[in-house]
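Below is one structure, written out as C-alpha cells; the observations come after it.
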Amino acid sequence: MRGEQDELVVTGTNSYVDIQYRNKTARFWGDLCTNGFAAIASTMEWLSPEGGIPAGSDDRAQFISAVHRHFRWKRFKVFFVDEKGRQIR
C-alpha cells in the first residue's frame, strides 16, 4: 500500500519543474515542450528540506524513477535528458 509520503506532486513553469516526493522537493531546470517537460537531470537541486544544495546521483536516480512511474500512462510527461539532450530512460 502506498502512503501519502510516496505521492508525487509536480509544479513548474516554462523553465523548471519542482517535484515533491517522499517529503522532499527538488527542482530540475529544462524546457517546456508540446508533449511534456524536458528536464536536465544534472540540474537537480533540493528546495526542501536542504534548500539549494545539489543532489547526489542516488537521489537523482530515485526521483527520475518515481517520475517515470508517475507519468507512464499520461499524455503529458516529464522526461529527463543529459547535457547533450539525449533522453535518460
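By order in the C-alpha cells, chains are A, B, ...; within a chain, residues start at 1; ligands start at 1, following the order shown.
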Inset, instruction - Considering only C-alpha atoms, return as a VMD selection string whatever protein or nucleic-acid residues lie within 12 Å of Gln87 (chain A), sequence-local ones (same chain, fewer than 6 positions apart) excluded. - result: chain A and resid 37 to 41 64 78 to 81
Output C-alpha atoms of each residue in that selection to a file, as a compact mmCIF listing (two decimals), in the first residue's frame.
# COMPACT_ATOMS: atom_id res chain seq x y z
CA PHE A 37 8.79 18.94 -19.98
CA ALA A 38 12.41 18.10 -20.84
CA ALA A 39 14.25 18.25 -17.53
CA ILE A 40 18.06 18.30 -17.49
CA ALA A 41 18.85 15.60 -14.93
CA ILE A 64 13.79 10.02 -12.02
CA VAL A 78 8.24 14.91 -17.58
CA PHE A 79 11.22 13.29 -19.24
CA PHE A 80 14.88 13.62 -18.43
CA VAL A 81 17.81 14.44 -20.68
Inset, instruction - From a DSSP pass on the backbone, collect the residues of chain A flagged as strand (DSSP E or B) and hand them back as a VMD selection string. - result: chain A and resid 8 to 12 16 to 21 24 to 33 36 to 40 45 to 48 54 77 to 81 87 to 88
Legend entry - Exercise: Phe28 (chain A) partners within 6 Å, only C-alpha atoms, chain neighbours under 4 positions left out, as a list of chain:residue names: A:Tyr16, A:Val17, A:Ala39, A:Thr43, A:Met44
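The gap separating CA of Ile53 (chain A) from CA of Asn35 (chain A) is 29.4 Å, in Å to one decimal.
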Contacts of region 60-63 of chain A at 12 Å (only C-alpha atoms; same-chain gap of 5+ positions) as a PDB file with N, CA and C atoms, in the first residue's frame:
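Wrote it out as around18.pdb, contents follow:
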ATOM      1  N   ASP A   6       4.682   8.731  -0.446  1.00  0.00           N
ATOM      2  CA  ASP A   6       5.125   8.273  -1.754  1.00  0.00           C
ATOM      3  C   ASP A   6       4.439   8.997  -2.902  1.00  0.00           C
ATOM      4  N   GLU A   7       3.453   9.841  -2.592  1.00  0.00           N
ATOM      5  CA  GLU A   7       2.756  10.569  -3.627  1.00  0.00           C
ATOM      6  C   GLU A   7       3.692  11.589  -4.270  1.00  0.00           C
ATOM      7  N   LEU A   8       3.554  11.741  -5.563  1.00  0.00           N
ATOM      8  CA  LEU A   8       4.418  12.637  -6.312  1.00  0.00           C
ATOM      9  C   LEU A   8       3.602  13.844  -6.767  1.00  0.00           C
ATOM     10  N   VAL A   9       4.122  15.053  -6.527  1.00  0.00           N
ATOM     11  CA  VAL A   9       3.465  16.287  -6.927  1.00  0.00           C
ATOM     12  C   VAL A   9       4.434  17.071  -7.798  1.00  0.00           C
ATOM     13  N   VAL A  10       3.956  17.491  -8.967  1.00  0.00           N
ATOM     14  CA  VAL A  10       4.799  18.231  -9.909  1.00  0.00           C
ATOM     15  C   VAL A  10       4.175  19.596 -10.172  1.00  0.00           C
ATOM     16  N   ASP A  18       9.304  21.616 -10.281  1.00  0.00           N
ATOM     17  CA  ASP A  18       9.544  21.251  -8.889  1.00  0.00           C
ATOM     18  C   ASP A  18       8.808  19.945  -8.647  1.00  0.00           C
ATOM     19  N   ILE A  19       9.519  18.968  -8.117  1.00  0.00           N
ATOM     20  CA  ILE A  19       8.946  17.652  -7.882  1.00  0.00           C
ATOM     21  C   ILE A  19       9.033  17.352  -6.394  1.00  0.00           C
ATOM     22  N   GLN A  20       7.868  17.115  -5.805  1.00  0.00           N
ATOM     23  CA  GLN A  20       7.812  16.761  -4.395  1.00  0.00           C
ATOM     24  C   GLN A  20       7.549  15.266  -4.301  1.00  0.00           C
ATOM     25  N   TYR A  21       8.429  14.571  -3.590  1.00  0.00           N
ATOM     26  CA  TYR A  21       8.338  13.119  -3.458  1.00  0.00           C
ATOM     27  C   TYR A  21       8.977  12.710  -2.142  1.00  0.00           C
ATOM     28  N   ARG A  22       8.264  11.914  -1.384  1.00  0.00           N
ATOM     29  CA  ARG A  22       8.758  11.429  -0.080  1.00  0.00           C
ATOM     30  C   ARG A  22       9.235  12.567   0.823  1.00  0.00           C
ATOM     31  N   ASN A  23       8.398  13.579   0.942  1.00  0.00           N
ATOM     32  CA  ASN A  23       8.642  14.722   1.825  1.00  0.00           C
ATOM     33  C   ASN A  23       9.880  15.534   1.465  1.00  0.00           C
ATOM     34  N   LYS A  24      10.336  15.418   0.233  1.00  0.00           N
ATOM     35  CA  LYS A  24      11.444  16.230  -0.261  1.00  0.00           C
ATOM     36  C   LYS A  24      10.998  16.896  -1.554  1.00  0.00           C
ATOM     37  N   THR A  25      11.522  18.084  -1.803  1.00  0.00           N
ATOM     38  CA  THR A  25      11.199  18.793  -3.037  1.00  0.00           C
ATOM     39  C   THR A  25      12.491  19.119  -3.773  1.00  0.00           C
ATOM     40  N   ALA A  26      12.517  18.768  -5.051  1.00  0.00           N
ATOM     41  CA  ALA A  26      13.692  19.027  -5.886  1.00  0.00           C
ATOM     42  C   ALA A  26      13.272  19.848  -7.096  1.00  0.00           C
ATOM     43  N   ARG A  27      14.182  20.666  -7.592  1.00  0.00           N
ATOM     44  CA  ARG A  27      13.946  21.453  -8.806  1.00  0.00           C
ATOM     45  C   ARG A  27      14.864  20.952  -9.909  1.00  0.00           C
ATOM     46  N   PHE A  28      14.279  20.803 -11.091  1.00  0.00           N
ATOM     47  CA  PHE A  28      15.026  20.457 -12.301  1.00  0.00           C
ATOM     48  C   PHE A  28      14.805  21.584 -13.302  1.00  0.00           C
ATOM     49  N   ALA A  39      13.479  17.842 -18.699  1.00  0.00           N
ATOM     50  CA  ALA A  39      14.253  18.247 -17.526  1.00  0.00           C
ATOM     51  C   ALA A  39      15.695  17.775 -17.667  1.00  0.00           C
ATOM     52  N   ILE A  40      16.636  18.668 -17.439  1.00  0.00           N
ATOM     53  CA  ILE A  40      18.059  18.301 -17.486  1.00  0.00           C
ATOM     54  C   ILE A  40      18.404  17.662 -16.139  1.00  0.00           C
ATOM     55  N   ALA A  41      18.679  16.377 -16.161  1.00  0.00           N
ATOM     56  CA  ALA A  41      18.847  15.599 -14.935  1.00  0.00           C
ATOM     57  C   ALA A  41      19.931  16.161 -14.017  1.00  0.00           C
ATOM     58  N   SER A  42      21.027  16.614 -14.572  1.00  0.00           N
ATOM     59  CA  SER A  42      22.146  17.079 -13.751  1.00  0.00           C
ATOM     60  C   SER A  42      21.862  18.391 -13.017  1.00  0.00           C
ATOM     61  N   THR A  43      20.751  19.060 -13.341  1.00  0.00           N
ATOM     62  CA  THR A  43      20.443  20.338 -12.686  1.00  0.00           C
ATOM     63  C   THR A  43      19.643  20.171 -11.408  1.00  0.00           C
ATOM     64  N   MET A  44      19.364  18.934 -11.000  1.00  0.00           N
ATOM     65  CA  MET A  44      18.558  18.707  -9.801  1.00  0.00           C
ATOM     66  C   MET A  44      19.198  19.349  -8.583  1.00  0.00           C
ATOM     67  N   GLU A  45      18.388  20.142  -7.874  1.00  0.00           N
ATOM     68  CA  GLU A  45      18.829  20.730  -6.614  1.00  0.00           C
ATOM     69  C   GLU A  45      17.678  20.665  -5.616  1.00  0.00           C
ATOM     70  N   TRP A  46      18.009  20.565  -4.352  1.00  0.00           N
ATOM     71  CA  TRP A  46      16.997  20.475  -3.317  1.00  0.00           C
ATOM     72  C   TRP A  46      16.400  21.833  -3.027  1.00  0.00           C
ATOM     73  N   PRO A  54      22.956  20.934  -4.392  1.00  0.00           N
ATOM     74  CA  PRO A  54      22.873  19.975  -5.498  1.00  0.00           C
ATOM     75  C   PRO A  54      22.635  18.557  -4.969  1.00  0.00           C
ATOM     76  N   ALA A  55      21.845  17.794  -5.689  1.00  0.00           N
ATOM     77  CA  ALA A  55      21.510  16.429  -5.266  1.00  0.00           C
ATOM     78  C   ALA A  55      22.554  15.439  -5.771  1.00  0.00           C
ATOM     79  N   HIS A  68       9.175   8.641 -13.763  1.00  0.00           N
ATOM     80  CA  HIS A  68       8.851   7.731 -14.870  1.00  0.00           C
ATOM     81  C   HIS A  68       7.612   6.896 -14.540  1.00  0.00           C
ATOM     82  N   ARG A  69       7.545   6.359 -13.323  1.00  0.00           N
ATOM     83  CA  ARG A  69       6.378   5.566 -12.923  1.00  0.00           C
ATOM     84  C   ARG A  69       5.106   6.421 -12.905  1.00  0.00           C
ATOM     85  N   HIS A  70       5.220   7.629 -12.384  1.00  0.00           N
ATOM     86  CA  HIS A  70       4.059   8.515 -12.249  1.00  0.00           C
ATOM     87  C   HIS A  70       3.472   8.900 -13.607  1.00  0.00           C
ATOM     88  N   VAL A  78       6.966  14.297 -17.931  1.00  0.00           N
ATOM     89  CA  VAL A  78       8.238  14.914 -17.585  1.00  0.00           C
ATOM     90  C   VAL A  78       9.275  13.866 -17.957  1.00  0.00           C
ATOM     91  N   PHE A  79      10.164  14.225 -18.877  1.00  0.00           N
ATOM     92  CA  PHE A  79      11.220  13.289 -19.241  1.00  0.00           C
ATOM     93  C   PHE A  79      12.566  13.950 -19.012  1.00  0.00           C
ATOM     94  N   PHE A  80      13.572  13.140 -18.843  1.00  0.00           N
ATOM     95  CA  PHE A  80      14.883  13.624 -18.428  1.00  0.00           C
ATOM     96  C   PHE A  80      15.894  13.449 -19.541  1.00  0.00           C
ATOM     97  N   ILE A  88      17.198  10.215 -20.988  1.00  0.00           N
ATOM     98  CA  ILE A  88      17.590   9.238 -19.963  1.00  0.00           C
ATOM     99  C   ILE A  88      16.365   8.394 -19.669  1.00  0.00           C
ATOM    100  N   ARG A  89      16.498   7.105 -19.766  1.00  0.00           N
ATOM    101  CA  ARG A  89      15.350   6.214 -19.521  1.00  0.00           C
ATOM    102  C   ARG A  89      15.470   5.496 -18.224  1.00  0.00           C
TER     103      ARG A  89
END
Legend entry - For Asp31 (chain A), the nearest of the candidates A:Gly12, A:Gly56, A:Arg75, A:Ser48, counting only C-alpha atoms: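 Of all the options, A:Gly12 lies closest to Asp31 (chain A).
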Inset, instruction - Would you mind reading off the distance between CA of Thr34 (chain A) and CA of Phe71 (chain A), one decimal, in Å? - result: 15.2 Å
Inset, instruction - Identify, with DSSP run on backbone atoms, the residues in chain A assigned to helix (DSSP H, G or I), and express the list as number ranges by chain. - result: A: 4-6, 41-43, 57-71
Legend entry - Residue nearest Gly85 (chain A) - candidates A:Asp59, A:Ala66, A:Trp73, A:Gly30, atoms counted: only C-alpha atoms: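 Of A:Asp59, A:Ala66, A:Trp73, A:Gly30, the one nearest Gly85 (chain A), counting only C-alpha atoms, is A:Gly30.
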Legend entry - Two-atom distance - CA of Gly36 (chain A), CA of Glu50 (chain A) (Å): 27.3 Å
